[in-house]
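Shown next: entry-v7.csv, containing CSV, C-alpha atoms and all ligand atoms.
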chain,number,residue,atom,x,y,z
R,1,MET,CA,-17.8,-23.0,-15.6
R,2,GLY,CA,-21.3,-23.0,-14.4
R,3,ASN,CA,-23.7,-20.6,-12.8
R,4,THR,CA,-23.3,-19.6,-9.2
R,5,PRO,CA,-25.5,-21.0,-6.4
R,6,PRO,CA,-28.8,-19.2,-6.0
R,7,SER,CA,-29.5,-17.3,-2.8
R,8,ALA,CA,-31.7,-18.7,-0.1
R,9,ALA,CA,-34.5,-16.3,-1.1
R,10,VAL,CA,-34.3,-17.6,-4.7
R,11,GLN,CA,-34.5,-21.2,-3.4
R,12,GLN,CA,-37.7,-20.4,-1.5
R,13,ASP,CA,-39.2,-18.9,-4.6
R,14,THR,CA,-38.8,-22.1,-6.6
R,15,VAL,CA,-41.8,-23.9,-5.1
R,16,LYS,CA,-43.9,-20.8,-5.6
R,17,GLU,CA,-42.7,-20.6,-9.2
R,18,ALA,CA,-43.6,-24.3,-9.8
R,19,VAL,CA,-47.1,-24.0,-8.4
R,20,ALA,CA,-47.8,-20.8,-10.3
R,21,LEU,CA,-46.6,-22.3,-13.5
R,22,PHE,CA,-48.7,-25.4,-13.0
R,23,GLN,CA,-51.8,-23.3,-12.6
R,24,GLU,CA,-50.9,-21.2,-15.7
R,25,PHE,CA,-50.3,-24.3,-17.9
R,26,ASP,CA,-53.5,-26.0,-16.6
R,27,SER,CA,-55.7,-23.7,-18.8
R,28,ASN,CA,-59.0,-25.7,-18.3
R,29,ALA,CA,-58.3,-25.8,-14.5
R,30,ASP,CA,-58.9,-29.6,-14.2
R,31,LYS,CA,-55.9,-30.0,-11.9
R,32,VAL,CA,-53.8,-31.8,-14.5
R,33,VAL,CA,-51.7,-30.6,-17.4
R,34,SER,CA,-52.5,-32.5,-20.6
R,35,ALA,CA,-50.1,-32.9,-23.6
R,36,GLY,CA,-52.2,-30.3,-25.5
R,37,GLU,CA,-51.9,-27.8,-22.7
R,38,TRP,CA,-48.2,-28.4,-22.4
R,39,GLU,CA,-47.8,-27.8,-26.2
R,40,GLN,CA,-49.8,-24.6,-25.9
R,41,ALA,CA,-47.6,-23.4,-23.1
R,42,PHE,CA,-44.5,-23.7,-25.3
R,43,ALA,CA,-46.2,-21.6,-28.0
R,44,ALA,CA,-46.9,-18.9,-25.4
R,45,LEU,CA,-43.4,-19.0,-24.1
R,46,ASP,CA,-41.8,-18.8,-27.5
R,47,LYS,CA,-42.4,-15.1,-28.0
R,48,ASN,CA,-40.3,-14.6,-31.1
R,49,CYS,CA,-41.6,-17.9,-32.7
R,50,ASP,CA,-38.2,-19.4,-33.5
R,51,ALA,CA,-39.2,-22.9,-32.1
R,52,VAL,CA,-36.9,-22.6,-29.1
R,53,VAL,CA,-37.4,-21.0,-25.7
R,54,SER,CA,-34.3,-19.4,-24.4
R,55,ARG,CA,-33.3,-19.1,-20.8
R,56,LYS,CA,-33.7,-15.3,-21.2
R,57,GLU,CA,-37.2,-15.6,-22.6
R,58,TRP,CA,-38.1,-17.9,-19.6
R,59,CYS,CA,-36.4,-15.7,-17.0
R,60,LEU,CA,-38.1,-12.5,-18.3
R,61,ARG,CA,-41.5,-14.1,-18.0
R,62,HIS,CA,-41.1,-16.1,-14.7
R,63,GLY,CA,-38.3,-14.5,-12.8
R,64,SER,CA,-36.5,-17.7,-11.9
R,65,THR,CA,-35.5,-20.8,-14.0
R,66,TYR,CA,-36.1,-23.7,-11.6
R,67,VAL,CA,-38.6,-25.5,-13.9
R,68,PHE,CA,-36.6,-24.6,-17.0
R,69,ASP,CA,-33.5,-26.1,-15.4
R,70,ALA,CA,-35.4,-29.3,-14.5
R,71,CYS,CA,-36.0,-30.1,-18.3
R,72,ARG,CA,-33.3,-32.0,-20.1
R,73,LYS,CA,-31.7,-30.1,-22.9
R,74,LYS,CA,-28.9,-30.4,-25.3
R,75,VAL,CA,-27.9,-26.8,-25.0
R,76,ASP,CA,-28.2,-25.4,-21.5
R,77,ALA,CA,-29.3,-21.9,-22.6
R,78,GLN,CA,-32.4,-23.0,-24.6
R,79,ILE,CA,-35.0,-25.7,-25.0
R,80,THR,CA,-36.4,-26.9,-28.3
R,81,GLN,CA,-40.0,-27.8,-28.9
R,82,LYS,CA,-39.0,-31.5,-29.1
R,83,GLU,CA,-37.1,-31.3,-25.8
R,84,TRP,CA,-40.2,-29.6,-24.3
R,85,MET,CA,-42.4,-32.5,-25.3
R,86,GLN,CA,-39.8,-34.9,-24.0
R,87,ALA,CA,-39.9,-33.1,-20.7
R,88,PHE,CA,-43.7,-33.8,-20.6
R,89,THR,CA,-43.0,-37.6,-21.0
R,90,ASP,CA,-40.2,-37.4,-18.4
R,91,MET,CA,-42.6,-35.7,-15.9
R,92,ASP,CA,-45.5,-38.0,-16.5
R,93,THR,CA,-43.9,-40.7,-14.4
R,94,ASN,CA,-47.0,-42.9,-14.1
R,95,ALA,CA,-47.4,-42.6,-17.9
R,96,ASN,CA,-51.2,-41.8,-17.8
R,97,GLY,CA,-50.9,-39.0,-20.4
R,98,VAL,CA,-51.2,-36.1,-18.0
R,99,ILE,CA,-49.0,-34.4,-15.4
R,100,ASP,CA,-50.6,-34.1,-12.0
R,101,SER,CA,-49.5,-31.7,-9.3
R,102,GLU,CA,-47.6,-34.5,-7.4
R,103,GLU,CA,-45.6,-35.4,-10.5
R,104,TRP,CA,-45.0,-31.7,-11.2
R,105,LEU,CA,-43.6,-30.9,-7.8
R,106,ALA,CA,-41.5,-34.1,-7.7
R,107,ARG,CA,-39.4,-32.8,-10.6
R,108,ARG,CA,-36.1,-31.3,-9.5
R,109,PRO,CA,-33.2,-29.8,-11.4
R,110,VAL,CA,-29.9,-31.8,-11.2
R,111,HIS,CA,-26.6,-30.0,-10.9
R,112,LEU,CA,-22.9,-31.0,-10.9
R,113,GLY,CA,-21.3,-29.0,-8.1
R,114,PHE,CA,-17.6,-28.1,-8.0
R,115,THR,CA,-15.4,-27.2,-5.1
R,116,SER,CA,-11.8,-26.2,-5.8
R,117,ILE,CA,-9.2,-28.2,-4.0
R,118,GLY,CA,-6.3,-26.2,-5.5
R,119,MET,CA,-3.9,-26.9,-8.3
R,120,GLY,CA,-6.7,-26.6,-10.9
R,121,LEU,CA,-8.5,-29.6,-9.4
R,122,TYR,CA,-12.1,-29.9,-8.2
R,123,HIS,CA,-14.1,-32.0,-5.8
R,124,TRP,CA,-17.4,-33.0,-7.4
R,125,GLY,CA,-20.9,-33.4,-5.9
R,126,VAL,CA,-24.4,-33.9,-7.3
R,127,GLY,CA,-27.3,-31.6,-6.5
R,128,VAL,CA,-30.9,-32.7,-6.7
R,129,GLY,CA,-33.0,-29.6,-6.1
R,130,ASP,CA,-31.4,-28.1,-3.0
R,131,ASP,CA,-29.9,-31.3,-1.7
R,132,PHE,CA,-26.4,-32.5,-2.5
R,133,TYR,CA,-24.7,-35.9,-2.5
R,134,GLU,CA,-21.0,-36.5,-2.5
R,135,LEU,CA,-18.2,-39.0,-1.7
R,136,LEU,CA,-16.0,-38.2,1.3
R,137,ALA,CA,-12.4,-39.5,1.6
R,138,TRP,CA,-9.3,-38.5,3.5
R,139,GLY,CA,-6.8,-37.7,0.7
R,140,ARG,CA,-5.5,-39.6,-2.4
R,141,THR,CA,-4.3,-42.7,-0.6
R,142,ALA,CA,-7.6,-43.3,1.2
R,143,THR,CA,-9.5,-46.5,0.5
R,144,GLU,CA,-12.5,-45.9,2.9
R,145,MET,CA,-15.5,-45.2,0.8
R,146,VAL,CA,-18.2,-43.0,2.4
R,147,ALA,CA,-21.2,-41.4,0.6
R,148,ALA,CA,-22.9,-38.5,2.3
R,149,GLY,CA,-26.2,-36.8,1.7
R,150,PRO,CA,-27.9,-33.7,3.2
R,151,THR,CA,-28.8,-35.4,6.5
R,152,GLY,CA,-25.7,-37.5,7.1
R,153,ILE,CA,-23.9,-40.7,5.9
R,154,VAL,CA,-25.9,-42.6,3.2
R,155,ALA,CA,-23.5,-45.6,2.7
R,156,CYS,CA,-20.1,-46.9,3.7
R,157,GLY,CA,-17.7,-49.2,1.9
R,158,GLU,CA,-16.4,-52.5,3.0
R,159,PHE,CA,-14.0,-50.9,5.6
R,160,VAL,CA,-16.9,-50.7,8.1
R,161,GLU,CA,-17.1,-54.5,8.2
R,162,GLU,CA,-14.1,-54.4,10.6
R,163,PRO,CA,-15.4,-53.6,14.1
R,164,GLY,CA,-14.8,-50.0,15.2
R,165,ARG,CA,-13.6,-48.6,11.8
R,166,ARG,CA,-16.8,-46.7,11.1
R,167,GLU,CA,-16.6,-45.0,14.6
R,168,GLN,CA,-12.9,-44.2,13.9
R,169,TRP,CA,-13.8,-42.6,10.6
R,170,VAL,CA,-16.6,-40.5,12.1
R,171,GLU,CA,-14.3,-39.5,14.9
R,172,LYS,CA,-11.8,-38.2,12.4
R,173,ALA,CA,-14.5,-36.2,10.7
R,174,ARG,CA,-15.6,-34.7,14.0
R,175,HIS,CA,-12.0,-33.8,14.8
R,176,GLU,CA,-11.4,-32.3,11.3
R,177,THR,CA,-14.6,-30.2,11.6
R,178,LYS,CA,-13.7,-29.0,15.1
R,179,ALA,CA,-10.2,-28.1,13.8
R,180,GLY,CA,-11.8,-26.0,11.1
R,181,LYS,CA,-10.5,-28.2,8.3
R,182,ARG,CA,-14.1,-29.0,7.2
R,183,PRO,CA,-16.9,-26.4,7.1
R,184,ALA,CA,-19.2,-26.6,10.2
R,185,GLU,CA,-22.2,-26.9,7.8
R,186,THR,CA,-20.9,-30.3,6.8
R,187,TRP,CA,-21.5,-31.8,10.3
R,188,SER,CA,-24.9,-33.1,11.3
R,189,GLU,CA,-25.4,-32.2,15.0
R,190,GLY,CA,-28.5,-34.4,15.1
R,191,LYS,CA,-26.8,-37.5,13.9
R,192,GLN,CA,-23.3,-36.6,15.1
R,193,GLU,CA,-21.7,-37.5,11.7
R,194,PRO,CA,-20.7,-35.7,8.6
R,195,CYS,CA,-23.2,-34.7,5.9
R,196,SER,CA,-22.8,-33.3,2.4
R,197,ARG,CA,-22.0,-29.7,1.6
R,198,PRO,CA,-25.1,-27.5,1.4
R,199,MET,CA,-25.7,-25.7,-2.0
R,200,GLU,CA,-24.2,-22.4,-0.9
R,201,LEU,CA,-20.8,-24.1,-0.2
R,202,TRP,CA,-20.4,-25.4,-3.8
R,203,GLY,CA,-18.2,-22.9,-5.7
R,204,ASP,CA,-19.8,-23.5,-9.1
R,205,LEU,CA,-22.8,-25.4,-10.4
R,206,GLU,CA,-23.4,-26.8,-13.8
R,207,SER,CA,-26.9,-27.6,-14.9
R,208,CYS,CA,-27.5,-31.2,-15.9
R,209,GLY,CA,-31.2,-31.5,-16.5
R,210,GLY,CA,-33.8,-32.8,-14.1
R,211,THR,CA,-35.1,-35.8,-12.3
R,212,SER,CA,-38.3,-37.1,-10.8
R,213,LYS,CA,-36.5,-39.6,-8.5
R,214,SER,CA,-37.4,-39.4,-4.8
R,215,ASP,CA,-35.0,-39.0,-1.9
R,216,ALA,CA,-35.6,-42.6,-0.9
R,217,GLU,CA,-34.9,-43.9,-4.5
R,218,ILE,CA,-31.7,-41.8,-4.6
R,219,GLU,CA,-30.4,-43.1,-1.3
R,220,ALA,CA,-31.2,-46.7,-2.4
R,221,TRP,CA,-29.2,-46.2,-5.6
R,222,ILE,CA,-26.3,-44.7,-3.6
R,223,ARG,CA,-26.2,-47.7,-1.2
R,224,LYS,CA,-26.2,-50.1,-4.2
R,225,TRP,CA,-23.4,-48.1,-6.0
R,226,VAL,CA,-21.3,-48.2,-2.8
R,227,GLU,CA,-21.9,-51.9,-2.5
R,228,GLU,CA,-20.7,-52.4,-6.0
R,229,HIS,CA,-17.7,-50.0,-5.5
R,230,PRO,CA,-16.7,-50.8,-1.9
R,231,ILE,CA,-13.2,-49.4,-2.0
R,232,TYR,CA,-12.3,-45.7,-2.7
R,233,CYS,CA,-9.5,-45.2,-5.2
R,234,ALA,CA,-8.6,-41.6,-5.9
R,235,VAL,CA,-6.1,-42.3,-8.7
R,236,ASP,CA,-5.5,-45.2,-11.0
R,237,ALA,CA,-2.9,-45.0,-13.8
R,238,PHE,CA,-5.2,-47.0,-16.1
R,239,GLY,CA,-8.5,-45.3,-15.3
R,240,GLY,CA,-9.8,-47.8,-12.8
R,241,GLU,CA,-10.4,-45.2,-10.1
R,242,CYS,CA,-13.5,-45.0,-8.0
R,243,ASN,CA,-13.9,-41.5,-6.6
R,244,ASP,CA,-16.1,-38.4,-6.3
R,245,HIS,CA,-15.9,-37.9,-10.1
R,246,THR,CA,-16.9,-41.4,-11.2
R,247,PHE,CA,-19.7,-41.3,-8.5
R,248,ALA,CA,-21.0,-38.0,-9.9
R,249,ASN,CA,-21.0,-39.2,-13.5
R,250,ASP,CA,-22.8,-42.4,-12.6
R,251,LEU,CA,-25.4,-40.7,-10.3
R,252,ILE,CA,-26.2,-38.0,-12.9
R,253,THR,CA,-26.6,-40.6,-15.6
R,254,TRP,CA,-29.1,-42.5,-13.5
R,255,LEU,CA,-31.0,-39.4,-12.3
R,256,THR,CA,-31.4,-37.8,-15.7
R,257,GLY,CA,-31.5,-40.9,-18.0
R,258,ILE,CA,-28.8,-39.3,-20.1
R,259,PRO,CA,-25.2,-40.6,-20.2
R,260,HIS,CA,-23.1,-38.1,-18.3
R,261,GLN,CA,-19.4,-38.3,-19.1
R,262,ARG,CA,-17.8,-35.1,-18.1
R,263,THR,CA,-14.0,-35.4,-18.3
R,264,THR,CA,-12.6,-36.1,-14.9
R,265,ASP,CA,-9.5,-34.5,-13.5
R,266,ASN,CA,-7.8,-37.8,-13.7
R,267,GLN,CA,-8.7,-38.3,-17.4
R,268,ARG,CA,-7.3,-34.9,-18.0
R,269,GLY,CA,-4.2,-35.6,-16.0
R,270,ARG,CA,-3.6,-38.9,-17.8
R,271,SER,CA,-4.1,-37.3,-21.2
R,272,LEU,CA,-1.5,-34.6,-20.4
R,273,LEU,CA,0.9,-37.0,-18.7
R,274,TYR,CA,1.0,-39.4,-21.6
R,275,GLY,CA,1.3,-36.6,-24.0
R,276,GLY,CA,4.3,-35.4,-22.0
R,277,VAL,CA,5.9,-38.9,-22.0
R,278,ALA,CA,5.5,-39.0,-25.8
R,279,LEU,CA,7.1,-35.6,-26.0
R,280,LEU,CA,10.1,-36.7,-23.9
R,281,ALA,CA,10.7,-39.6,-26.3
R,282,GLY,CA,10.6,-36.9,-29.1
R,283,VAL,CA,13.1,-34.8,-27.3
R,284,GLY,CA,15.4,-37.8,-26.9
R,285,ALA,CA,15.3,-38.4,-30.7
R,286,MET,CA,15.9,-34.7,-31.3
R,287,TYR,CA,19.0,-34.9,-29.0
R,288,LEU,CA,20.5,-37.8,-30.9
R,289,TRP,CA,19.9,-36.1,-34.1
R,290,SER,CA,21.4,-32.8,-33.1
R,291,ALA,CA,24.4,-34.5,-31.5
R,292,GLN,CA,25.2,-36.1,-34.9
R,293,ASP,CA,24.7,-32.8,-36.6
R,294,THR,CA,26.6,-30.5,-34.1
R,295,SER,CA,23.7,-28.0,-34.5
R,296,THR,CA,22.0,-26.9,-31.3
R,297,THR,CA,18.5,-27.7,-30.2
R,298,SER,CA,16.6,-24.7,-28.8
R,299,CYS,CA,14.1,-25.1,-26.0
R,300,GLY,CA,13.1,-28.6,-25.0
R,301,VAL,CA,14.3,-30.9,-22.3
R,302,GLN,CA,13.9,-28.7,-19.2
R,303,VAL,CA,10.5,-27.4,-20.2
R,304,ALA,CA,9.3,-30.8,-21.1
R,305,ALA,CA,10.5,-32.3,-17.9
R,306,ALA,CA,8.9,-29.5,-15.9
R,307,ALA,CA,5.6,-30.0,-17.7
R,308,VAL,CA,5.6,-33.7,-17.1
R,309,ALA,CA,6.4,-33.2,-13.4
R,310,ALA,CA,3.6,-30.6,-13.1
R,311,VAL,CA,1.1,-32.9,-14.8
R,312,ALA,CA,2.2,-35.9,-12.8
R,313,VAL,CA,1.7,-33.9,-9.6
R,314,ALA,CA,-1.7,-32.7,-10.8
R,315,ALA,CA,-2.8,-36.2,-11.6
R,316,VAL,CA,-2.3,-37.4,-8.1
R,317,ALA,CA,-2.7,-34.2,-6.2
R,318,GLU,CA,-3.7,-33.4,-2.7
R,319,PRO,CA,-4.5,-29.8,-1.8
R,320,ALA,CA,-0.9,-29.1,-0.8
R,321,ALA,CA,0.2,-27.3,-3.9
R,322,VAL,CA,3.6,-27.9,-5.4
R,323,ALA,CA,3.0,-26.9,-9.0
R,324,ALA,CA,0.0,-26.5,-11.1
R,325,VAL,CA,-1.1,-26.8,-14.7
R,326,ALA,CA,-3.3,-23.7,-15.0
R,327,GLU,CA,-6.3,-23.8,-17.3
R,328,PRO,CA,-8.0,-21.4,-19.6
R,329,ALA,CA,-11.8,-20.9,-19.6
R,330,ASP,CA,-14.1,-24.0,-19.3
R,331,MET,CA,-11.4,-26.3,-18.0
R,332,ALA,CA,-10.0,-27.0,-21.4
R,333,ALA,CA,-6.5,-27.5,-20.1
R,334,THR,CA,-4.0,-27.4,-23.0
R,335,ILE,CA,-0.3,-27.8,-23.2
R,336,THR,CA,1.8,-27.3,-26.2
R,337,ILE,CA,5.5,-27.7,-26.1
R,338,GLU,CA,7.5,-27.2,-29.2
R,339,THR,CA,11.0,-28.2,-30.1
R,340,MET,CA,12.6,-26.4,-32.9
R,341,GLY,CA,15.3,-27.9,-35.1
R,342,PRO,CA,17.8,-25.9,-37.2
R,343,THR,CA,16.8,-24.3,-40.5
R,344,SER,CA,16.6,-26.8,-43.3
R,345,THR,CA,17.9,-26.3,-46.8
R,346,ILE,CA,14.5,-25.0,-47.9
R,347,GLY,CA,14.5,-22.3,-45.2
R,348,SER,CA,11.7,-23.7,-43.0
R,349,MET,CA,11.7,-25.2,-39.5
R,350,ARG,CA,10.7,-28.6,-38.4
R,351,LYS,CA,8.3,-28.4,-35.5
R,352,THR,CA,7.2,-31.1,-33.2
R,353,SER,CA,4.4,-30.3,-30.8
R,354,THR,CA,2.5,-32.3,-28.3
R,355,VAL,CA,-1.0,-31.2,-27.4
R,356,GLY,CA,-3.2,-32.5,-24.6
R,357,ALA,CA,-6.6,-31.1,-24.2
R,358,MET,CA,-9.7,-32.3,-22.4
R,359,GLY,CA,-9.3,-36.0,-22.7
R,360,GLN,CA,-7.4,-36.0,-26.0
R,361,SER,CA,-3.8,-36.0,-26.9
R,362,SER,CA,-2.0,-36.1,-30.2
R,363,THR,CA,1.5,-35.6,-31.4
R,364,ARG,CA,2.1,-34.1,-34.7
R,365,THR,CA,5.1,-33.0,-36.8
R,366,SER,CA,4.9,-30.4,-39.4
R,367,THR,CA,7.2,-28.3,-41.5
R,368,MET,CA,6.4,-24.6,-41.2
R,369,GLN,CA,7.9,-21.1,-40.8
R,370,PRO,CA,9.1,-20.3,-37.3
R,371,ARG,CA,6.7,-18.4,-35.1
R,372,GLN,CA,5.6,-17.9,-31.6
R,373,SER,CA,3.5,-20.8,-30.1
R,374,SER,CA,-0.2,-19.8,-30.1
R,375,ARG,CA,-0.7,-22.1,-27.1
R,376,TRP,CA,0.8,-21.9,-23.8
R,377,LEU,CA,2.6,-23.8,-21.0
R,378,GLN,CA,2.4,-22.5,-17.5
R,379,VAL,CA,4.2,-24.0,-14.5
R,380,PRO,CA,3.6,-21.6,-11.5
R,381,SER,CA,6.2,-21.6,-8.8
R,382,ALA,CA,5.6,-23.4,-5.5
R,383,GLN,CA,3.2,-21.8,-3.1
Y,1,CA,CA,-55.7,-29.3,-17.6
Y,2,CA,CA,-49.2,-38.6,-14.9
How would this structure read if it were set down as structure tokens?
Amino acid sequence: MGNTPPSAAVQQDTVKEAVALFQEFDSNADKVVSAGEWEQAFAALDKNCDAVVSRKEWCLRHGSTYVFDACRKKVDAQITQKEWMQAFTDMDTNANGVIDSEEWLARRPVHLGFTSIGMGLYHWGVGVGDDFYELLAWGRTATEMVAAGPTGIVACGEFVEEPGRREQWVEKARHETKAGKRPAETWSEGKQEPCSRPMELWGDLESCGGTSKSDAEIEAWIRKWVEEHPIYCAVDAFGGECNDHTFANDLITWLTGIPHQRTTDNQRGRSLLYGGVALLAGVGAMYLWSAQDTSTTSCGVQVAAAAVAAVAVAAVAEPAAVAAVAEPADMAATITIETMGPTSTIGSMRKTSTVGAMGQSSTRTSTMQPRQSSRWLQVPSAQ
């Protein structure tokens, strides 16, 4: 998925790297980096003159990639000259044509953080520099909306309008933390309330560009978002959910200025579920057809039912695992289920397959020679 969280030592080096780079780019030492100096810096970085600077070229020269990651890019592994000049515009937040040291140090990389909650599902959080922001909720039926940042609760949904409910919610968090169900690092001793997971507790990180927004601006945005989304909704059959995934997509879009629409677990689940329902209809038709024809239908109903059950569980899952739809690399979950009819008069087989992958689904029927499915279906046994 993404890169793993950097060590504490690497985090400490990031400011040093930023300061050293600023001095390097400011070739006339007038304490600001001009567009000309910025352009020259790209030429110096692009050692093999192919008009892109790769992550490798950057890393070989500077040791860490904090500044590289803070530039928005189409492809994570490289930055083009055009993107480099766009980064100059992004960082010159007061639009006076130069980047001063304050603007330079305000720029922070943005990450999407993933924590596995089992069954191929992930809890999402958003990293700005070393700080993370996330939504907290007690399971899939929860309606209490709480947004947390590195120092504690940033905003609560409408449930706190009822007297005592906020205290109850915090008390539950305290209890869960004491019981070891939440990491001790997610409890603020100073404020006596939960805070977000620190960087090292996120299992995977995905680079999403950079931001110049301040902590105060970020907290104000989160308060407004929660005001506009006052009720937590983990799962909605028609996509109306309001959870850690929709929060992360919205926050990253605002932070980076680029629409961020990573496929959520629910979108994936719906895609697979609806694909499965379509398949069941297909199996029904196949059954009627084979009953008239006395021929037998190989494979089908049981597999399809198991697949739909697994996807349905995944779509509404809590960590207690029952069954899981496993996924190949890069979360591209794919299910193909095939039903084979008898050999036709021209010696070929009719094949109906339903494919669901990363937010898309399609059902197609084709006539082809029988062969092994190149895709897969996996329904692990209960844990
Ligand atoms: Ca300068
Ligand atoms: Ca400026």
*Using all atoms listed in the file, determine which residues lie at most 8 Å from region 189-196 of chain R, disregarding the query and same-chain residues fewer than 5 positions distant; provide the list as number ranges by chain.*
R: 132-134, 148-153, 170, 173-174
*List every protein, DNA or RNA residue that has an atom no more than 9 Å from (-7.2, -39.5, -9.3) in the file's coordinate frame, counting all atoms listed in the file, and report them as a PyMOL selection string.*
chain R and resi 140+233-237+239+241-243+245+264-267+269+314-317
*Do you know which residues are within 10 Å of ligand CA 2 (chain Y) using all atoms listed in the file? Can you write them as a VMD selection string?*
chain R and resid 32 to 34 88 to 104
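Those protein and nucleic acid residues that have any atom within 7 Å of ligand CA 1 (chain Y) are, using only C-alpha atoms and all ligand atoms, Asp26, Ser27, Asn28, Ala29, Asp30, Lys31, Val32, Val33, Ser34 and Glu37 of chain R.
For the pair CA of Thr253 (chain R) and CA of Arg197 (chain R), the interatomic distance is 20.9 Å.
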*Contacts of Trp225 (chain R) at 12 Å or less, counting only C-alpha atoms, minus same-chain residues fewer than 3 places along, as JSON, numbers by chain?*
{"R": [135, 145, 146, 147, 154, 155, 156, 157, 218, 219, 220, 221, 222, 228, 229, 230, 231, 232, 242, 243, 246, 247, 248, 249, 250, 251, 254]}
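In this structure, CA of Gly129 (chain R) sits 22.6 Å away from CA of Thr80 (chain R).
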*If you measure from CA of Arg108 (chain R) to CA of Val128 (chain R), what distance in Å do you get, rounded to one decimal?*
6.1 Å
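Distance annotation: of R:Pro198, R:Leu136, R:Leu121, R:Glu171, the residue with the minimal separation from Ala184 (chain R) is R:Pro198; atom set is all atoms listed in the file.
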